file data.txt (compact mmCIF, C-alpha atoms and all ligand atoms)
# COMPACT_ATOMS: atom_id res chain seq x y z
CA MET A 1310 -102.56 -170.81 20.57
CA ARG A 1311 -98.96 -170.03 19.76
CA LYS A 1312 -97.97 -169.78 16.12
CA LYS A 1313 -96.08 -172.48 14.24
CA ILE A 1314 -93.35 -170.80 12.23
CA VAL A 1315 -91.05 -172.18 9.54
CA ALA A 1316 -88.52 -169.53 8.59
CA GLY A 1317 -85.86 -169.87 5.93
CA ASN A 1318 -82.47 -168.26 6.37
CA TRP A 1319 -80.92 -167.89 2.94
CA LYS A 1320 -77.73 -166.40 4.41
CA CYS A 1321 -75.41 -164.96 1.72
CA ASN A 1322 -76.88 -167.02 -1.10
CA THR A 1323 -78.70 -166.22 -4.37
CA THR A 1324 -78.61 -163.21 -6.65
CA VAL A 1325 -81.70 -160.99 -6.61
CA GLN A 1326 -82.99 -162.76 -9.73
CA GLU A 1327 -82.42 -166.22 -8.28
CA GLY A 1328 -83.98 -165.16 -4.99
CA VAL A 1329 -87.08 -163.82 -6.73
CA GLU A 1330 -87.50 -167.12 -8.58
CA LEU A 1331 -87.04 -169.10 -5.37
CA ALA A 1332 -89.55 -166.92 -3.52
CA LYS A 1333 -92.08 -167.28 -6.35
CA SER A 1334 -91.68 -171.07 -6.25
CA VAL A 1335 -92.12 -171.19 -2.46
CA ASN A 1336 -95.18 -168.96 -2.71
CA GLU A 1337 -96.69 -171.15 -5.42
CA LEU A 1338 -96.04 -174.38 -3.55
CA VAL A 1339 -97.38 -173.00 -0.27
CA ALA A 1340 -100.50 -171.74 -2.05
CA LYS A 1341 -101.05 -175.11 -3.76
CA SER A 1342 -100.44 -177.08 -0.57
CA GLY A 1343 -103.23 -175.22 1.20
CA VAL A 1344 -101.12 -175.06 4.40
CA LYS A 1345 -102.87 -172.72 6.79
CA ASN A 1346 -101.51 -173.60 10.22
CA VAL A 1347 -97.90 -172.51 9.64
CA VAL A 1348 -96.43 -169.03 9.30
CA VAL A 1349 -93.89 -169.23 6.47
CA VAL A 1350 -91.07 -166.69 6.40
CA LEU A 1351 -88.21 -166.16 3.95
CA GLY A 1352 -85.06 -164.62 5.43
CA THR A 1353 -83.38 -163.05 2.44
CA PRO A 1354 -80.41 -160.76 1.86
CA PHE A 1355 -81.20 -157.03 2.23
CA THR A 1356 -80.82 -156.49 -1.51
CA HIS A 1357 -83.69 -158.88 -2.23
CA LEU A 1358 -86.30 -157.68 0.23
CA THR A 1359 -88.24 -155.18 -1.90
CA SER A 1360 -88.28 -157.44 -4.96
CA ILE A 1361 -89.40 -160.45 -2.97
CA VAL A 1362 -92.11 -158.61 -1.08
CA ALA A 1363 -93.43 -157.62 -4.52
CA VAL A 1364 -93.75 -161.21 -5.79
CA VAL A 1365 -95.10 -163.10 -2.78
CA ASP A 1366 -98.56 -163.05 -1.27
CA ILE A 1367 -97.51 -161.59 2.05
CA LYS A 1368 -100.47 -163.31 3.76
CA LEU A 1369 -98.98 -166.67 2.75
CA VAL A 1370 -95.26 -165.99 2.84
CA GLY A 1371 -93.69 -163.40 5.14
CA VAL A 1372 -90.32 -161.82 4.49
CA ALA A 1373 -87.44 -161.28 6.92
CA ALA A 1374 -84.11 -159.50 6.87
CA GLN A 1375 -81.23 -161.44 8.42
CA ASN A 1376 -79.93 -158.52 10.44
CA CYS A 1377 -80.38 -154.80 10.97
CA ALA A 1378 -78.19 -151.96 12.17
CA ALA A 1379 -77.76 -151.17 15.85
CA GLU A 1380 -78.32 -147.48 15.12
CA ALA A 1381 -81.45 -145.80 13.82
CA LYS A 1382 -79.66 -143.87 11.07
CA GLY A 1383 -76.66 -141.72 10.34
CA ALA A 1384 -73.01 -142.05 9.39
CA PHE A 1385 -72.72 -145.84 9.51
CA THR A 1386 -71.46 -146.78 6.07
CA GLY A 1387 -72.78 -150.07 4.79
CA GLU A 1388 -75.39 -150.52 7.49
CA VAL A 1389 -79.10 -151.13 6.89
CA SER A 1390 -81.44 -149.80 9.55
CA ALA A 1391 -84.57 -151.40 10.96
CA SER A 1392 -86.69 -148.61 9.45
CA MET A 1393 -85.15 -149.31 6.03
CA VAL A 1394 -86.01 -152.99 6.42
CA LYS A 1395 -89.55 -152.08 7.41
CA SER A 1396 -89.89 -149.75 4.42
CA THR A 1397 -89.34 -152.71 2.05
CA GLY A 1398 -92.52 -154.35 3.35
CA ALA A 1399 -90.61 -157.04 5.27
CA GLU A 1400 -92.19 -157.84 8.63
CA TYR A 1401 -89.52 -159.90 10.36
CA VAL A 1402 -85.84 -159.69 11.18
CA ILE A 1403 -83.54 -162.51 12.28
CA LEU A 1404 -81.30 -161.21 15.07
CA GLY A 1405 -78.41 -162.74 16.97
CA HIS A 1406 -77.68 -165.57 14.55
CA SER A 1407 -74.54 -167.39 15.70
CA GLU A 1408 -72.78 -166.53 12.44
CA ARG A 1409 -73.28 -162.84 13.17
CA ARG A 1410 -72.16 -163.27 16.75
CA GLU A 1411 -69.10 -165.26 15.70
CA TYR A 1412 -67.95 -163.56 12.48
CA TYR A 1413 -69.16 -160.01 13.06
CA GLY A 1414 -68.63 -159.69 16.79
CA GLU A 1415 -72.26 -159.15 17.77
CA THR A 1416 -72.52 -158.81 21.51
CA SER A 1417 -75.46 -158.72 23.87
CA GLU A 1418 -75.05 -154.95 24.01
CA THR A 1419 -75.37 -154.60 20.22
CA LEU A 1420 -78.24 -157.05 20.15
CA ASN A 1421 -80.19 -155.11 22.75
CA LYS A 1422 -80.04 -152.06 20.49
CA LYS A 1423 -81.03 -154.07 17.42
CA VAL A 1424 -83.98 -155.73 19.14
CA ALA A 1425 -85.21 -152.37 20.44
CA LEU A 1426 -84.96 -150.78 16.99
CA ALA A 1427 -86.66 -153.75 15.33
CA LEU A 1428 -89.54 -153.55 17.79
CA SER A 1429 -89.92 -149.80 17.53
CA ASN A 1430 -90.20 -150.25 13.76
CA ASN A 1431 -92.85 -152.94 14.14
CA LEU A 1432 -90.62 -155.72 12.89
CA THR A 1433 -90.93 -159.12 14.55
CA PRO A 1434 -87.51 -160.28 15.72
CA ILE A 1435 -86.66 -163.95 15.37
CA TYR A 1436 -84.08 -163.96 18.13
CA CYS A 1437 -81.42 -166.69 17.94
CA CYS A 1438 -79.54 -168.34 20.76
CA GLY A 1439 -77.52 -171.51 21.08
CA GLU A 1440 -74.25 -172.97 22.29
CA ALA A 1441 -71.03 -174.14 20.64
CA LEU A 1442 -69.92 -177.77 20.71
CA ALA A 1443 -67.42 -177.32 23.54
CA ILE A 1444 -70.18 -175.92 25.76
CA ARG A 1445 -72.49 -178.83 24.93
CA GLU A 1446 -69.68 -181.31 25.60
CA ALA A 1447 -69.13 -179.71 28.99
CA ASN A 1448 -72.90 -180.00 29.59
CA GLU A 1449 -73.11 -176.24 30.19
CA GLN A 1450 -75.63 -175.48 27.45
CA ASN A 1451 -78.49 -174.55 29.77
CA ALA A 1452 -76.49 -171.97 31.70
CA TYR A 1453 -75.07 -170.59 28.46
CA VAL A 1454 -78.43 -170.12 26.75
CA LYS A 1455 -79.92 -168.70 29.96
CA THR A 1456 -77.20 -166.03 30.04
CA GLN A 1457 -77.72 -165.24 26.35
CA LEU A 1458 -81.41 -164.61 27.03
CA GLU A 1459 -80.90 -162.81 30.34
CA GLU A 1460 -78.43 -160.37 28.81
CA THR A 1461 -80.74 -159.48 25.94
CA VAL A 1462 -84.42 -160.20 25.43
CA PHE A 1463 -85.17 -160.80 29.11
CA ASN A 1464 -84.51 -157.08 29.59
CA LEU A 1465 -87.62 -156.29 27.55
CA SER A 1466 -90.99 -155.44 29.01
CA PRO A 1467 -93.43 -158.38 28.99
CA GLU A 1468 -95.40 -156.59 26.28
CA ASP A 1469 -92.35 -156.26 24.01
CA PHE A 1470 -91.08 -159.75 24.78
CA SER A 1471 -94.39 -161.22 23.68
CA LYS A 1472 -93.79 -159.82 20.16
CA LEU A 1473 -90.68 -161.99 19.57
CA ALA A 1474 -90.08 -165.49 18.35
CA ILE A 1475 -87.06 -167.33 19.75
CA ALA A 1476 -84.89 -169.72 17.71
CA TYR A 1477 -82.64 -172.16 19.53
CA GLU A 1478 -79.83 -173.16 17.21
CA PRO A 1479 -76.99 -175.23 18.63
CA ILE A 1480 -73.95 -174.05 16.68
CA TRP A 1481 -72.69 -177.60 16.32
CA ALA A 1482 -75.81 -178.48 14.35
CA ILE A 1483 -75.81 -175.52 11.95
CA GLY A 1484 -74.84 -176.48 8.42
CA THR A 1485 -73.09 -179.61 9.69
CA GLY A 1486 -75.68 -182.23 8.85
CA VAL A 1487 -75.68 -183.13 12.56
CA THR A 1488 -79.14 -182.44 13.93
CA ALA A 1489 -79.71 -182.21 17.65
CA SER A 1490 -81.59 -185.33 18.64
CA THR A 1491 -85.30 -184.84 19.06
CA ALA A 1492 -84.83 -185.30 22.80
CA GLN A 1493 -82.02 -182.72 22.97
CA ALA A 1494 -84.05 -180.18 21.01
CA GLN A 1495 -87.25 -180.73 23.00
CA GLU A 1496 -85.36 -180.63 26.29
CA MET A 1497 -83.74 -177.29 25.49
CA LEU A 1498 -86.91 -175.71 24.14
CA ALA A 1499 -88.85 -176.81 27.21
CA TYR A 1500 -86.06 -175.36 29.34
CA ILE A 1501 -86.26 -172.04 27.46
CA ARG A 1502 -90.04 -171.99 27.87
CA GLY A 1503 -89.55 -172.54 31.58
CA LEU A 1504 -87.14 -169.61 31.75
CA ILE A 1505 -89.65 -167.42 29.94
CA SER A 1506 -92.34 -168.56 32.35
CA ASN A 1507 -90.19 -167.69 35.38
CA LYS A 1508 -89.37 -164.30 33.95
CA PHE A 1509 -92.61 -163.20 32.27
CA GLY A 1510 -95.23 -165.64 33.51
CA LYS A 1511 -96.89 -168.78 32.21
CA ALA A 1512 -99.30 -167.06 29.82
CA ILE A 1513 -96.51 -165.34 27.87
CA ALA A 1514 -94.39 -168.52 27.90
CA GLU A 1515 -97.26 -170.51 26.45
CA GLU A 1516 -97.76 -167.96 23.67
CA THR A 1517 -94.08 -167.62 22.67
CA SER A 1518 -93.11 -169.44 19.49
CA ILE A 1519 -89.79 -171.21 20.04
CA LEU A 1520 -88.13 -172.66 16.97
CA TYR A 1521 -85.40 -175.22 16.53
CA GLY A 1522 -82.65 -174.67 13.96
CA GLY A 1523 -79.71 -176.79 12.87
CA SER A 1524 -79.66 -179.19 9.90
CA CYS A 1525 -83.43 -179.47 9.96
CA ASN A 1526 -84.80 -181.05 6.78
CA ALA A 1527 -87.97 -182.62 5.39
CA LYS A 1528 -86.92 -186.00 6.79
CA ASN A 1529 -86.28 -185.04 10.41
CA ALA A 1530 -88.82 -182.20 10.66
CA PRO A 1531 -91.91 -184.36 11.36
CA GLU A 1532 -90.35 -185.91 14.47
CA LEU A 1533 -88.90 -182.60 15.68
CA PHE A 1534 -92.14 -180.70 15.09
CA ALA A 1535 -94.17 -183.35 16.89
CA GLN A 1536 -92.52 -182.33 20.18
CA ALA A 1537 -94.60 -180.35 22.62
CA ASP A 1538 -92.30 -177.32 22.81
CA ILE A 1539 -91.00 -177.14 19.23
CA ASP A 1540 -93.03 -174.53 17.40
CA GLY A 1541 -91.26 -174.77 14.07
CA GLY A 1542 -87.84 -174.29 12.59
CA LEU A 1543 -85.26 -171.83 11.39
CA ILE A 1544 -83.94 -173.46 8.26
CA GLY A 1545 -80.67 -172.71 6.47
CA GLY A 1546 -79.54 -175.06 3.68
CA ALA A 1547 -82.90 -176.75 3.15
CA SER A 1548 -84.62 -173.39 2.57
CA LEU A 1549 -82.69 -172.84 -0.66
CA LYS A 1550 -84.76 -175.36 -2.61
CA ALA A 1551 -88.49 -174.68 -2.74
CA GLU A 1552 -89.51 -178.36 -2.68
CA ASP A 1553 -87.24 -179.16 0.26
CA PHE A 1554 -88.52 -176.15 2.15
CA LEU A 1555 -92.14 -177.13 1.44
CA GLY A 1556 -91.37 -180.59 2.82
CA ILE A 1557 -90.52 -178.91 6.13
CA ILE A 1558 -93.47 -176.52 6.04
CA THR A 1559 -95.85 -179.44 5.58
CA ALA A 1560 -94.18 -181.52 8.31
CA TYR A 1561 -96.86 -180.52 10.84
C1 LIG B 1 -79.20 -171.59 10.24
O1 LIG B 1 -78.11 -171.15 9.92
O2 LIG B 1 -80.04 -170.85 10.75
C2 LIG B 1 -79.44 -173.02 10.04
C3 LIG B 1 -80.29 -173.63 10.81
O3 LIG B 1 -78.72 -173.64 9.05
P1 LIG B 1 -78.85 -175.18 8.55
O4 LIG B 1 -80.31 -175.48 8.48
O5 LIG B 1 -78.19 -175.19 7.21
O6 LIG B 1 -78.15 -176.01 9.57
call {"tool": "encode", "arguments": {"input": "data.txt", "output": "structure tokens"}}
result
Amino acid sequence: MRKKIVAGNWKCNTTVQEGVELAKSVNELVAKSGVKNVVVVLGTPFTHLTSIVAVVDIKLVGVAAQNCAAEAKGAFTGEVSASMVKSTGAEYVILGHSERREYYGETSETLNKKVALALSNNLTPIYCCGEALAIREANEQNAYVKTQLEETVFNLSPEDFSKLAIAYEPIWAIGTGVTASTAQAQEMLAYIRGLISNKFGKAIAEETSILYGGSCNAKNAPELFAQADIDGGLIGGASLKAEDFLGIITAY
């Protein structure tokens, strides 16, 4: 059965000290709640990874970077490679977030390199896709997301593809307080699962965890997570408070 995943994306928030406290609180709440059916992941800034891996029970709370370099190593000032991320003890990396595509010019070409490096370093990519408002308003979201996948992760071998999780995040719902309706989210995730099935076969499609992201919170999570194709969430704002995040984790 495919995994349910609730992954926080802290973005550029918290100092190391604040992040460690937040991670400890999440770990404690998850432990107390006895939740066993959900993989919990914290997507923290690079600077926090080692310290956070040290304070969480990695069996209860996994740790993710929010990006990695498109090169393995070398003269790339300011970059953090996939092997560096792996050496912190983190097991996941969020790749292709719309903020990275939009503000840092990430292209499909760059993302192909990042995904390959993440996989070769045994990191699990949480690969993001999703359309902007104008594309949704033109009702072209399916074709747009299909192209995003075809240009990147659909180039992988079936074996490598089956190591990823996918996160569909409509840009118009990220940080805006506007959640995609349950029907819109389910419809897109079912569509993505269908694309995966056409490309890699039904068995891989059924095993791929596909997450929804965009203003997901403890209130709307139960209805979203009750949908057949929604295997969890990628959570921005609501992952910055341990209690709010737990409310989402326990929404299943
Ligand atoms: C995100 O940026 O991945 C996200 C889903 O943000 P928010 O939950 O704040 O909309």
call {"tool": "residues_near_ligand", "arguments": {"input": "data.txt", "ligand": "ligand LIG 1 (chain B)", "cutoff": "8 Å", "atoms": "only C-alpha atoms and all ligand atoms", "output": "PyMOL selection string"}}
result
chain A and resi 1317-1318+1320+1406-1408+1478+1482-1486+1488+1521-1526+1542-1548
call {"tool": "atom_distance", "arguments": {"input": "data.txt", "atom1": "atom CA of A:Ala1316", "atom2": "atom CA of A:Leu1555"}}
result
11.0 Å
call {"tool": "residues_around", "arguments": {"input": "data.txt", "residues": "A:Ile1513", "least_positions_apart": "3", "cutoff": "10 Å", "atoms": "all atoms listed in the file", "output": "list in words"}}
result
Arg1311, Pro1467, Glu1468, Phe1470, Ser1471, Lys1472, Arg1502, Ile1505, Ser1506, Lys1508, Phe1509, Gly1510, Glu1516, Thr1517 and Ser1518 of chain A
call {"tool": "residues_around", "arguments": {"input": "data.txt", "residues": "A:Ala1391", "least_positions_apart": "5", "cutoff": "8 Å", "atoms": "all atoms listed in the file", "output": "list in words"}}
result
Cys1377, Ala1378, Ala1381, Lys1423, Leu1426, Ala1427, Asn1430 and Leu1432 of chain A
call {"tool": "closest_atom_pairs", "arguments": {"input": "data.txt", "of": "stretch 1415-1487 of chain A", "to": "stretch 1343-1353 of chain A", "cutoff": "12 Å", "atoms": "only C-alpha atoms", "output": "Markdown table"}}
result
| residue | atom | partner | partner_atom | distance |
| --- | --- | --- | --- | --- |
| A:Thr1433 | CA | A:Val1350 | CA | 11.1 |
| A:Pro1434 | CA | A:Gly1352 | CA | 11.4 |
| A:Ile1435 | CA | A:Gly1352 | CA | 10.1 |
| A:Ala1474 | CA | A:Val1348 | CA | 11.6 |
call {"tool": "atom_distance", "arguments": {"input": "data.txt", "atom1": "atom CA of A:Asp1469", "atom2": "atom CA of A:Asn1421"}}
result
12.3 Å
call {"tool": "atom_distance", "arguments": {"input": "data.txt", "atom1": "atom CA of A:Val1325", "atom2": "atom CA of A:Tyr1412"}}
result
23.7 Å
call {"tool": "residues_around", "arguments": {"input": "data.txt", "residues": "A:Leu1338", "least_positions_apart": "5", "cutoff": "12 Å", "atoms": "only C-alpha atoms", "output": "list of chain:residue names"}}
result
A:Leu1331, A:Ala1332, A:Lys1333, A:Gly1343, A:Val1344, A:Val1349, A:Val1365, A:Asp1366, A:Leu1369, A:Val1370, A:Lys1550, A:Ala1551, A:Glu1552, A:Asp1553, A:Phe1554, A:Leu1555, A:Gly1556, A:Ile1558, A:Thr1559
call {"tool": "residues_around", "arguments": {"input": "data.txt", "residues": "A:Ala1443", "least_positions_apart": "5", "cutoff": "12 Å", "atoms": "only C-alpha atoms", "output": "PyMOL selection string"}}
result
chain A and resi 1448-1450+1453+1479-1481
call {"tool": "residues_around", "arguments": {"input": "data.txt", "residues": "A:Ala1535", "least_positions_apart": "3", "cutoff": "10 Å", "atoms": "only C-alpha atoms", "output": "PyMOL selection string"}}
result
chain A and resi 1491+1495+1530-1532+1538-1541+1560-1561
call {"tool": "residues_near_point", "arguments": {"input": "data.txt", "point": "(-92.3, -149.3, 4.1)", "cutoff": "12 Å", "atoms": "only C-alpha atoms", "output": "number ranges by chain"}}
result
A: 1358-1359, 1362, 1391-1400, 1430-1432
call {"tool": "closest_residue", "arguments": {"input": "data.txt", "among": "A:Ala1363, A:Leu1465, A:Leu1458, A:Ile1475", "to": "A:Ile1403", "atoms": "all atoms listed in the file"}}
result
A:Ile1475
call {"tool": "decode", "arguments": {"input": "data.txt", "residues": "stretch 1446-1472 of chain A", "atoms": "N, CA, C and O atoms", "output": "CSV table (one decimal), in the first residue's frame"}}
result
chain,number,residue,atom,x,y,z
A,1446,GLU,N,-7.1,29.4,-14.9
A,1446,GLU,CA,-8.2,30.2,-15.4
A,1446,GLU,C,-8.5,29.9,-16.9
A,1446,GLU,O,-9.6,29.9,-17.4
A,1447,ALA,N,-7.4,29.5,-17.6
A,1447,ALA,CA,-7.5,29.1,-19.0
A,1447,ALA,C,-7.9,27.6,-19.2
A,1447,ALA,O,-7.9,27.1,-20.3
A,1448,ASN,N,-8.0,27.0,-18.0
A,1448,ASN,CA,-8.3,25.5,-18.0
A,1448,ASN,C,-7.3,24.7,-18.7
A,1448,ASN,O,-7.6,23.7,-19.4
A,1449,GLU,N,-6.0,25.1,-18.6
A,1449,GLU,CA,-4.9,24.4,-19.2
A,1449,GLU,C,-4.0,23.7,-18.2
A,1449,GLU,O,-2.9,23.3,-18.5
A,1450,GLN,N,-4.5,23.5,-17.0
A,1450,GLN,CA,-3.7,23.0,-15.9
A,1450,GLN,C,-3.3,21.5,-16.2
A,1450,GLN,O,-2.1,21.2,-15.9
A,1451,ASN,N,-4.1,20.7,-16.8
A,1451,ASN,CA,-3.7,19.3,-17.1
A,1451,ASN,C,-2.5,19.2,-18.0
A,1451,ASN,O,-1.5,18.5,-17.8
A,1452,ALA,N,-2.6,20.0,-19.1
A,1452,ALA,CA,-1.6,19.9,-20.1
A,1452,ALA,C,-0.3,20.5,-19.5
A,1452,ALA,O,0.8,20.0,-19.8
A,1453,TYR,N,-0.4,21.5,-18.7
A,1453,TYR,CA,0.8,22.1,-18.1
A,1453,TYR,C,1.5,21.2,-17.1
A,1453,TYR,O,2.7,21.0,-17.2
A,1454,VAL,N,0.7,20.5,-16.3
A,1454,VAL,CA,1.4,19.6,-15.3
A,1454,VAL,C,1.9,18.4,-16.1
A,1454,VAL,O,3.0,17.9,-15.7
A,1455,LYS,N,1.2,18.0,-17.1
A,1455,LYS,CA,1.7,16.8,-17.9
A,1455,LYS,C,3.1,17.1,-18.5
A,1455,LYS,O,4.0,16.3,-18.4
A,1456,THR,N,3.2,18.3,-19.0
A,1456,THR,CA,4.5,18.7,-19.6
A,1456,THR,C,5.6,18.8,-18.5
A,1456,THR,O,6.7,18.4,-18.7
A,1457,GLN,N,5.2,19.4,-17.3
A,1457,GLN,CA,6.2,19.5,-16.3
A,1457,GLN,C,6.7,18.1,-15.9
A,1457,GLN,O,7.9,17.9,-15.7
A,1458,LEU,N,5.9,17.1,-15.9
A,1458,LEU,CA,6.3,15.7,-15.5
A,1458,LEU,C,7.0,15.1,-16.7
A,1458,LEU,O,8.0,14.4,-16.5
A,1459,GLU,N,6.5,15.3,-17.9
A,1459,GLU,CA,7.2,14.6,-19.1
A,1459,GLU,C,8.6,15.1,-19.3
A,1459,GLU,O,9.4,14.4,-19.7
A,1460,GLU,N,8.8,16.4,-19.0
A,1460,GLU,CA,10.1,17.0,-19.2
A,1460,GLU,C,11.1,16.6,-18.1
A,1460,GLU,O,12.3,16.9,-18.2
A,1461,THR,N,10.6,16.0,-17.0
A,1461,THR,CA,11.5,15.7,-15.9
A,1461,THR,C,11.4,14.3,-15.4
A,1461,THR,O,12.0,13.4,-16.0
A,1462,VAL,N,10.6,14.0,-14.4
A,1462,VAL,CA,10.6,12.7,-13.8
A,1462,VAL,C,10.1,11.6,-14.7
A,1462,VAL,O,10.4,10.4,-14.4
A,1463,PHE,N,9.4,11.9,-15.8
A,1463,PHE,CA,9.0,10.8,-16.7
A,1463,PHE,C,10.2,10.3,-17.5
A,1463,PHE,O,10.0,9.4,-18.3
A,1464,ASN,N,11.3,11.0,-17.4
A,1464,ASN,CA,12.5,10.5,-18.1
A,1464,ASN,C,13.2,9.4,-17.3
A,1464,ASN,O,14.2,8.8,-17.8
A,1465,LEU,N,12.8,9.2,-16.1
A,1465,LEU,CA,13.5,8.3,-15.2
A,1465,LEU,C,13.1,6.8,-15.6
A,1465,LEU,O,12.1,6.6,-16.3
A,1466,SER,N,14.0,5.9,-15.2
A,1466,SER,CA,13.6,4.5,-15.4
A,1466,SER,C,12.4,4.2,-14.4
A,1466,SER,O,12.3,4.9,-13.4
A,1467,PRO,N,11.6,3.2,-14.7
A,1467,PRO,CA,10.5,2.9,-13.8
A,1467,PRO,C,11.1,2.6,-12.3
A,1467,PRO,O,10.5,3.0,-11.4
A,1468,GLU,N,12.2,2.0,-12.2
A,1468,GLU,CA,12.8,1.7,-10.9
A,1468,GLU,C,13.1,3.0,-10.2
A,1468,GLU,O,12.8,3.1,-9.0
A,1469,ASP,N,13.7,4.0,-10.9
A,1469,ASP,CA,14.0,5.2,-10.2
A,1469,ASP,C,12.7,6.0,-9.9
A,1469,ASP,O,12.6,6.6,-8.8
A,1470,PHE,N,11.8,6.0,-10.9
A,1470,PHE,CA,10.6,6.8,-10.7
A,1470,PHE,C,9.9,6.3,-9.4
A,1470,PHE,O,9.3,7.1,-8.6
A,1471,SER,N,9.9,5.0,-9.2
A,1471,SER,CA,9.2,4.5,-8.0
A,1471,SER,C,9.8,4.9,-6.7
A,1471,SER,O,9.2,4.6,-5.7
A,1472,LYS,N,10.9,5.5,-6.7
A,1472,LYS,CA,11.5,6.0,-5.4
A,1472,LYS,C,11.0,7.4,-5.0
A,1472,LYS,O,11.3,7.9,-4.0
